[in-house]
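J.: Below: one structure in C-alpha cells.
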Amino acid sequence: MIELIDYLIDASLVLILVLFVVQTIRLWRRDRQARFLADSVVNQEKMAAMGNLLAGIAHELKTPLGAVACSLDTDRRAIDKMSVVLADLENLPLDAAAVEKLAQVRKALNIVDSSKPVLEQALERTGQLVRQLRLAGRGDHEDPVPVDVNGLVKGALILLTHELKQGLEVDLQLGEIPPVSGWPGPLGQVFLNLIQNAGQAMDGTGKITVTSGVDTGQVIVTVSDTGPGLPAGSQEKLFLPGWTTKAEDKGTGLGLFISKRIVERHEGQIKADNGDSGGAVFVVTLPAAAEGTPPTDR
Ligand code: ADP
C-alpha cells in the first residue's frame with residue numbers, strides 16, 4: 001500500500017513537472033509571438049512613415065522641377081527668336097562699332113546655348129530621381145527596360161561638363177554594344193560616380209578614358225584615369241559605406257557603395273584595380289538584354 005502511495009506521489013510530481021514545462025514553453029511562445037507582432041507593427045509604422053516621407057519629398061520636388069522645366073522651355077523659345085533677329089541684324093549694312101556690339105551679343109547667345117544639353121540632362125536626371133522617390137514611397141519600383149549604356153556614359157559626361165572642363169582630357173572609346181535590361185536612372189548614377197571620382201582623383205590635369213564593348217553576352221564598361229591610383233590597401237574598403245579619403249565637404253564614401261549595389265541589382269559586377277601605368281581602373285560588367293529588345297535613352 002505504501003509503495004502504491006509512493007508511486008502515486010512520484011507520478012504526480014512528474015506530471016506536475018511536465019505540465020510546468022509545457023506551460024512555460026507555451027508562455028514563452030506566446031511572449032515571442034507578441035513581441036514579433038509588436039516589432040512587425042513598429043516596423044510597418046516605420047516603413048509607412050518612411051514611405052510618406054519619400055512620397056512627400058517627391059511631391060515637393062515635382063512642383064519646382066516642373067517650374068524649372070517650363071521656364072527652360074520659355075527661355076529656349078526666346079533665345080531661338082533672339083537668334084533669328086540677330087541673324088537679320090548681322091545681315092544689315094552696319095558700321096564697325098555696331099558689328100562689334102552684335103558680335104558680343106552673338107558670343108553671349110552662344111554661351112547660353114551651350115548650357116542647353118547640361119540643363120536638359122540635369123532636368124532629366126532629377127526627374128528620374130523624383131520618379132524613383134515617388135515609387136519607393138509607394139513601396140513600388142519601375143519595371144526594367146532595355147537601356148543604352150553608351151547613352152548613359154554620354155549623359156554622365158554632359159552632366160559633368162563644368163567639373164571636367166578645367167584641364168582634363170576625356171577619351172571616349174565606345175563600341176557597338178547591345179542594350180542591358182535595367183533602370184536607366186540608377187545605372188546612369190554609376191557612370192556618373194565613376195567618372196566624377198576619376199576627375200576628382202586627378203585634381204585638374206590628366207586623362208579619363210571610358211571604353212565600352214561586349215564579350216560573350218556581357219557589356220563591359222571601363223573607366224580609367226591617369227591619377228595617383230587607388231590608395232594603398234584600399235581594395236577591401238573601397239565599396240564599404242562611408243569609406244572616403246576626401247575632405248569632409250567633398251566625400252561621403254557612398255558613391256562606390258551605392259554603385260556596387262546598383263550594378264548587383266542589374267546582376268552585374270564592378271571591380272577596381274590600378275592600371276599598368278598607374279591610375280585607377282574601374283570595370284563594370286552587365287549582362288546584355290535578351291535579343292530583339294531595342295535600347296531606350298529614357
Ligand atoms: P567619395 O567619392 O565620397 O569619397 P566613393 O565611394 O565614391 O566616395 O569613393 C571612395 C574612395 O575611393 C574615395 O574617397 C577614394 O579614396 C577612392 N577612389 C574612388 N575612385 C578613385 C579613383 N578613380 N582614383 C583613386 N581613388 C579613388
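Just remember, in the C-alpha cells the first chain shown is A, the second B, etc., residues are 1-based per chain, and ligands are 1-based in the order shown.
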Can you list, as number ranges by chain, every protein, DNA or RNA residue that comes within 12 Å of stretch 113-121 of chain A when you count only C-alpha atoms, leaving out same-chain residues fewer than 6 positions away?
T.: A: 65, 68-73, 75-80, 82-83, 106-107, 127-128, 151-163, 185, 188, 192, 297-298
J.: Using only C-alpha atoms and all ligand atoms, what does the table of chain A residues within 6 Å of ligand 1 look like, with each row giving the shortest atom pair and its distance in Å to one decimal, sorted by chain and ascending number, as CSV?
T.:
```
residue,atom,partner,partner_atom_place_in_ligand_line,distance
A:Asn197,CA,ligand 1,20 (N),4.6
A:Ala198,CA,ligand 1,23 (N),3.8
A:Ala201,CA,ligand 1,24 (N),4.9
A:Gly229,CA,ligand 1,25 (C),4.6
A:Leu230,CA,ligand 1,25 (C),4.1
A:Pro231,CA,ligand 1,26 (N),6.0
A:Leu238,CA,ligand 1,12 (O),5.2
A:Trp243,CA,ligand 1,10 (C),5.6
A:Thr244,CA,ligand 1,14 (O),3.4
A:Thr245,CA,ligand 1,14 (O),3.9
A:Lys246,CA,ligand 1,14 (O),4.9
A:Gly251,CA,ligand 1,3 (O),3.2
A:Thr252,CA,ligand 1,3 (O),3.7
A:Gly253,CA,ligand 1,8 (O),3.2
A:Leu254,CA,ligand 1,6 (O),4.4
A:Gly255,CA,ligand 1,7 (O),3.6
A:Leu256,CA,ligand 1,6 (O),3.6
A:Phe257,CA,ligand 1,6 (O),5.6
A:Ala280,CA,ligand 1,24 (N),4.8
```
J.: Please produce an output containing N, CA, C and O atoms for each residue in the selection, written as a PDB file, in the first residue's frame.
T.:
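After the write, selection.pdb holds the following:
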```pdb
ATOM      1  N   ASN A 197      34.606  60.511 -59.786  1.00  0.00           N
ATOM      2  CA  ASN A 197      35.734  60.100 -58.941  1.00  0.00           C
ATOM      3  C   ASN A 197      37.057  60.209 -59.691  1.00  0.00           C
ATOM      4  O   ASN A 197      38.061  60.672 -59.149  1.00  0.00           O
ATOM      5  N   ALA A 198      37.045  59.759 -60.963  1.00  0.00           N
ATOM      6  CA  ALA A 198      38.269  59.814 -61.767  1.00  0.00           C
ATOM      7  C   ALA A 198      38.721  61.265 -61.897  1.00  0.00           C
ATOM      8  O   ALA A 198      39.904  61.586 -61.714  1.00  0.00           O
ATOM      9  N   ALA A 201      40.103  62.538 -58.616  1.00  0.00           N
ATOM     10  CA  ALA A 201      41.393  61.925 -58.259  1.00  0.00           C
ATOM     11  C   ALA A 201      42.541  62.658 -58.940  1.00  0.00           C
ATOM     12  O   ALA A 201      43.664  62.651 -58.448  1.00  0.00           O
ATOM     13  N   GLY A 229      46.048  56.603 -58.661  1.00  0.00           N
ATOM     14  CA  GLY A 229      45.651  55.214 -58.426  1.00  0.00           C
ATOM     15  C   GLY A 229      44.933  55.073 -57.100  1.00  0.00           C
ATOM     16  O   GLY A 229      44.810  56.029 -56.330  1.00  0.00           O
ATOM     17  N   LEU A 230      44.468  53.846 -56.822  1.00  0.00           N
ATOM     18  CA  LEU A 230      43.708  53.603 -55.587  1.00  0.00           C
ATOM     19  C   LEU A 230      44.646  53.718 -54.395  1.00  0.00           C
ATOM     20  O   LEU A 230      45.804  53.292 -54.467  1.00  0.00           O
ATOM     21  N   PRO A 231      44.144  54.266 -53.263  1.00  0.00           N
ATOM     22  CA  PRO A 231      45.007  54.366 -52.086  1.00  0.00           C
ATOM     23  C   PRO A 231      45.487  52.978 -51.656  1.00  0.00           C
ATOM     24  O   PRO A 231      44.741  51.996 -51.786  1.00  0.00           O
ATOM     25  N   LEU A 238      37.084  49.840 -50.309  1.00  0.00           N
ATOM     26  CA  LEU A 238      36.603  50.729 -51.356  1.00  0.00           C
ATOM     27  C   LEU A 238      35.079  50.791 -51.480  1.00  0.00           C
ATOM     28  O   LEU A 238      34.499  51.862 -51.637  1.00  0.00           O
ATOM     29  N   TRP A 243      33.416  54.898 -46.473  1.00  0.00           N
ATOM     30  CA  TRP A 243      34.876  54.944 -46.557  1.00  0.00           C
ATOM     31  C   TRP A 243      35.291  55.973 -47.607  1.00  0.00           C
ATOM     32  O   TRP A 243      34.968  55.856 -48.790  1.00  0.00           O
ATOM     33  N   THR A 244      35.977  57.005 -47.164  1.00  0.00           N
ATOM     34  CA  THR A 244      36.404  58.057 -48.094  1.00  0.00           C
ATOM     35  C   THR A 244      37.770  58.591 -47.686  1.00  0.00           C
ATOM     36  O   THR A 244      38.120  58.562 -46.503  1.00  0.00           O
ATOM     37  N   THR A 245      38.531  59.058 -48.661  1.00  0.00           N
ATOM     38  CA  THR A 245      39.802  59.710 -48.343  1.00  0.00           C
ATOM     39  C   THR A 245      39.698  61.195 -48.686  1.00  0.00           C
ATOM     40  O   THR A 245      40.683  61.911 -48.631  1.00  0.00           O
ATOM     41  N   LYS A 246      38.492  61.619 -49.056  1.00  0.00           N
ATOM     42  CA  LYS A 246      38.326  63.021 -49.489  1.00  0.00           C
ATOM     43  C   LYS A 246      38.004  63.909 -48.293  1.00  0.00           C
ATOM     44  O   LYS A 246      37.582  63.421 -47.237  1.00  0.00           O
ATOM     45  N   GLY A 251      33.748  64.385 -49.806  1.00  0.00           N
ATOM     46  CA  GLY A 251      33.459  62.955 -49.901  1.00  0.00           C
ATOM     47  C   GLY A 251      32.471  62.473 -48.853  1.00  0.00           C
ATOM     48  O   GLY A 251      32.457  62.958 -47.727  1.00  0.00           O
ATOM     49  N   THR A 252      31.646  61.498 -49.275  1.00  0.00           N
ATOM     50  CA  THR A 252      30.722  60.864 -48.321  1.00  0.00           C
ATOM     51  C   THR A 252      31.063  59.378 -48.175  1.00  0.00           C
ATOM     52  O   THR A 252      30.616  58.722 -47.252  1.00  0.00           O
ATOM     53  N   GLY A 253      31.835  58.867 -49.112  1.00  0.00           N
ATOM     54  CA  GLY A 253      32.151  57.433 -49.085  1.00  0.00           C
ATOM     55  C   GLY A 253      30.953  56.577 -49.459  1.00  0.00           C
ATOM     56  O   GLY A 253      30.915  55.387 -49.149  1.00  0.00           O
ATOM     57  N   LEU A 254      29.988  57.173 -50.147  1.00  0.00           N
ATOM     58  CA  LEU A 254      28.794  56.390 -50.506  1.00  0.00           C
ATOM     59  C   LEU A 254      28.735  56.061 -51.999  1.00  0.00           C
ATOM     60  O   LEU A 254      28.014  55.155 -52.401  1.00  0.00           O
ATOM     61  N   GLY A 255      29.512  56.807 -52.806  1.00  0.00           N
ATOM     62  CA  GLY A 255      29.407  56.650 -54.260  1.00  0.00           C
ATOM     63  C   GLY A 255      29.652  55.221 -54.729  1.00  0.00           C
ATOM     64  O   GLY A 255      28.834  54.652 -55.455  1.00  0.00           O
ATOM     65  N   LEU A 256      30.761  54.632 -54.285  1.00  0.00           N
ATOM     66  CA  LEU A 256      31.095  53.278 -54.759  1.00  0.00           C
ATOM     67  C   LEU A 256      30.187  52.234 -54.109  1.00  0.00           C
ATOM     68  O   LEU A 256      29.822  51.237 -54.736  1.00  0.00           O
ATOM     69  N   PHE A 257      29.826  52.461 -52.862  1.00  0.00           N
ATOM     70  CA  PHE A 257      28.912  51.533 -52.169  1.00  0.00           C
ATOM     71  C   PHE A 257      27.583  51.466 -52.928  1.00  0.00           C
ATOM     72  O   PHE A 257      27.091  50.378 -53.267  1.00  0.00           O
ATOM     73  N   ALA A 280      43.634  54.655 -61.546  1.00  0.00           N
ATOM     74  CA  ALA A 280      42.653  53.628 -61.185  1.00  0.00           C
ATOM     75  C   ALA A 280      41.892  53.155 -62.421  1.00  0.00           C
ATOM     76  O   ALA A 280      41.711  53.912 -63.375  1.00  0.00           O
TER      77      ALA A 280
END
```
J.: How close does stretch 178-226 of chain A get to stretch 129-144 of chain A? List, as JSON lines, each residue of stretch 178-226 of chain A within 10 Å, its nearest atom pair and the distance in Å to one decimal, counting only C-alpha atoms.
T.:
```
{"residue": "A:Val180", "atom": "CA", "partner": "A:Pro144", "partner_atom": "CA", "distance": 9.4}
{"residue": "A:Ser181", "atom": "CA", "partner": "A:Pro144", "partner_atom": "CA", "distance": 5.9}
{"residue": "A:Gly182", "atom": "CA", "partner": "A:Pro144", "partner_atom": "CA", "distance": 4.3}
{"residue": "A:Trp183", "atom": "CA", "partner": "A:Pro144", "partner_atom": "CA", "distance": 5.5}
{"residue": "A:Pro184", "atom": "CA", "partner": "A:Pro144", "partner_atom": "CA", "distance": 8.6}
{"residue": "A:Gly185", "atom": "CA", "partner": "A:Leu129", "partner_atom": "CA", "distance": 7.0}
{"residue": "A:Pro186", "atom": "CA", "partner": "A:Leu129", "partner_atom": "CA", "distance": 8.4}
```
J.: Can I get the selection written as a compact mmCIF listing (two decimals), in the first residue's frame, with all heavy atoms?
T.:
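What follows is the written file part_3.txt:
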```txt
# COMPACT_ATOMS: atom_id res chain seq x y z
N VAL A 180 21.31 46.75 -72.17
CA VAL A 180 21.20 45.89 -70.99
C VAL A 180 19.80 46.11 -70.41
O VAL A 180 19.17 47.13 -70.68
CB VAL A 180 22.27 46.20 -69.91
CG1 VAL A 180 23.66 46.12 -70.47
CG2 VAL A 180 22.04 47.55 -69.27
N SER A 181 19.33 45.14 -69.65
CA SER A 181 17.99 45.28 -69.09
C SER A 181 18.11 45.90 -67.70
O SER A 181 18.85 45.40 -66.86
CB SER A 181 17.36 43.88 -69.00
OG SER A 181 16.13 43.97 -68.35
N GLY A 182 17.41 46.99 -67.46
CA GLY A 182 17.55 47.60 -66.13
C GLY A 182 16.86 48.93 -65.98
O GLY A 182 15.87 49.22 -66.66
N TRP A 183 17.43 49.75 -65.12
CA TRP A 183 16.84 51.03 -64.74
C TRP A 183 17.83 52.14 -65.08
O TRP A 183 18.88 52.27 -64.44
CB TRP A 183 16.52 51.01 -63.24
CG TRP A 183 15.53 49.95 -62.90
CD1 TRP A 183 14.17 50.09 -62.88
CD2 TRP A 183 15.79 48.58 -62.58
NE1 TRP A 183 13.58 48.90 -62.56
CE2 TRP A 183 14.53 47.96 -62.38
CE3 TRP A 183 16.94 47.81 -62.46
CZ2 TRP A 183 14.43 46.62 -62.05
CZ3 TRP A 183 16.83 46.47 -62.14
CH2 TRP A 183 15.58 45.89 -61.94
N PRO A 184 17.52 52.95 -66.12
CA PRO A 184 18.48 53.93 -66.61
C PRO A 184 18.91 54.95 -65.57
O PRO A 184 20.06 55.37 -65.56
CB PRO A 184 17.76 54.59 -67.79
CG PRO A 184 16.35 54.15 -67.71
CD PRO A 184 16.27 52.91 -66.91
N GLY A 185 17.99 55.37 -64.71
CA GLY A 185 18.33 56.39 -63.71
C GLY A 185 19.48 55.93 -62.81
O GLY A 185 20.56 56.54 -62.78
N PRO A 186 19.26 54.83 -62.05
CA PRO A 186 20.32 54.36 -61.17
C PRO A 186 21.60 53.96 -61.92
O PRO A 186 22.70 54.27 -61.49
CB PRO A 186 19.71 53.14 -60.48
CG PRO A 186 18.24 53.35 -60.58
CD PRO A 186 18.01 54.11 -61.84
```
J.: Looking only at the backbone, which of the residues in stretch 210-260 of chain A does DSSP tag as helix (DSSP H, G or I), as an NGL selection string?
T.: :A and (255-260)
J.: Just N, CA, C and O atoms for this one: save the residues we selected as a PDB file, in the first residue's frame.
T.:
```pdb
ATOM      1  N   GLY A 255      29.512  56.807 -52.806  1.00  0.00           N
ATOM      2  CA  GLY A 255      29.407  56.650 -54.260  1.00  0.00           C
ATOM      3  C   GLY A 255      29.652  55.221 -54.729  1.00  0.00           C
ATOM      4  O   GLY A 255      28.834  54.652 -55.455  1.00  0.00           O
ATOM      5  N   LEU A 256      30.761  54.632 -54.285  1.00  0.00           N
ATOM      6  CA  LEU A 256      31.095  53.278 -54.759  1.00  0.00           C
ATOM      7  C   LEU A 256      30.187  52.234 -54.109  1.00  0.00           C
ATOM      8  O   LEU A 256      29.822  51.237 -54.736  1.00  0.00           O
ATOM      9  N   PHE A 257      29.826  52.461 -52.862  1.00  0.00           N
ATOM     10  CA  PHE A 257      28.912  51.533 -52.169  1.00  0.00           C
ATOM     11  C   PHE A 257      27.583  51.466 -52.928  1.00  0.00           C
ATOM     12  O   PHE A 257      27.091  50.378 -53.267  1.00  0.00           O
ATOM     13  N   ILE A 258      27.031  52.647 -53.240  1.00  0.00           N
ATOM     14  CA  ILE A 258      25.743  52.686 -53.951  1.00  0.00           C
ATOM     15  C   ILE A 258      25.906  52.113 -55.360  1.00  0.00           C
ATOM     16  O   ILE A 258      25.073  51.336 -55.823  1.00  0.00           O
ATOM     17  N   SER A 259      27.030  52.463 -56.006  1.00  0.00           N
ATOM     18  CA  SER A 259      27.246  51.972 -57.378  1.00  0.00           C
ATOM     19  C   SER A 259      27.269  50.439 -57.404  1.00  0.00           C
ATOM     20  O   SER A 259      26.688  49.814 -58.294  1.00  0.00           O
ATOM     21  N   LYS A 260      27.947  49.853 -56.409  1.00  0.00           N
ATOM     22  CA  LYS A 260      28.047  48.382 -56.371  1.00  0.00           C
ATOM     23  C   LYS A 260      26.646  47.769 -56.220  1.00  0.00           C
ATOM     24  O   LYS A 260      26.295  46.803 -56.891  1.00  0.00           O
TER      25      LYS A 260
END
```
J.: What separation in Å, quoted to one decimal, exists between atom CA of A:Leu92 and atom CA of A:Ala108?
T.: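 Answer for the atom CA of A:Leu92 to atom CA of A:Ala108 separation: 19.9 Å.
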J.: For atom CA of A:Ala67 and atom CA of A:Ala55, quote the distance in Å rounded to one decimal.
T.: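 It comes out at 18.9 Å.
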J.: Work out how far apart atom CA of A:Ile57 and atom CA of A:Gly242 are and give it in Å to one decimal.
T.: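 Distance between the two atoms: 24.0 Å.
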J.: Would you please work out which residue, of A:Glu124, A:Asp171, A:Asp10, A:Asp249, is nearest to A:Gly206 when using only C-alpha atoms?
T.: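 Of A:Glu124, A:Asp171, A:Asp10, A:Asp249, the one nearest A:Gly206, counting only C-alpha atoms, is A:Asp171.
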J.: Run DSSP on the backbone and tell me which residues of stretch 29-271 of chain A come out as strand (DSSP E); list them as a ChimeraX atom specification.
T.: /A:145-147,168-174,180-182,206-215,218-225,269-271
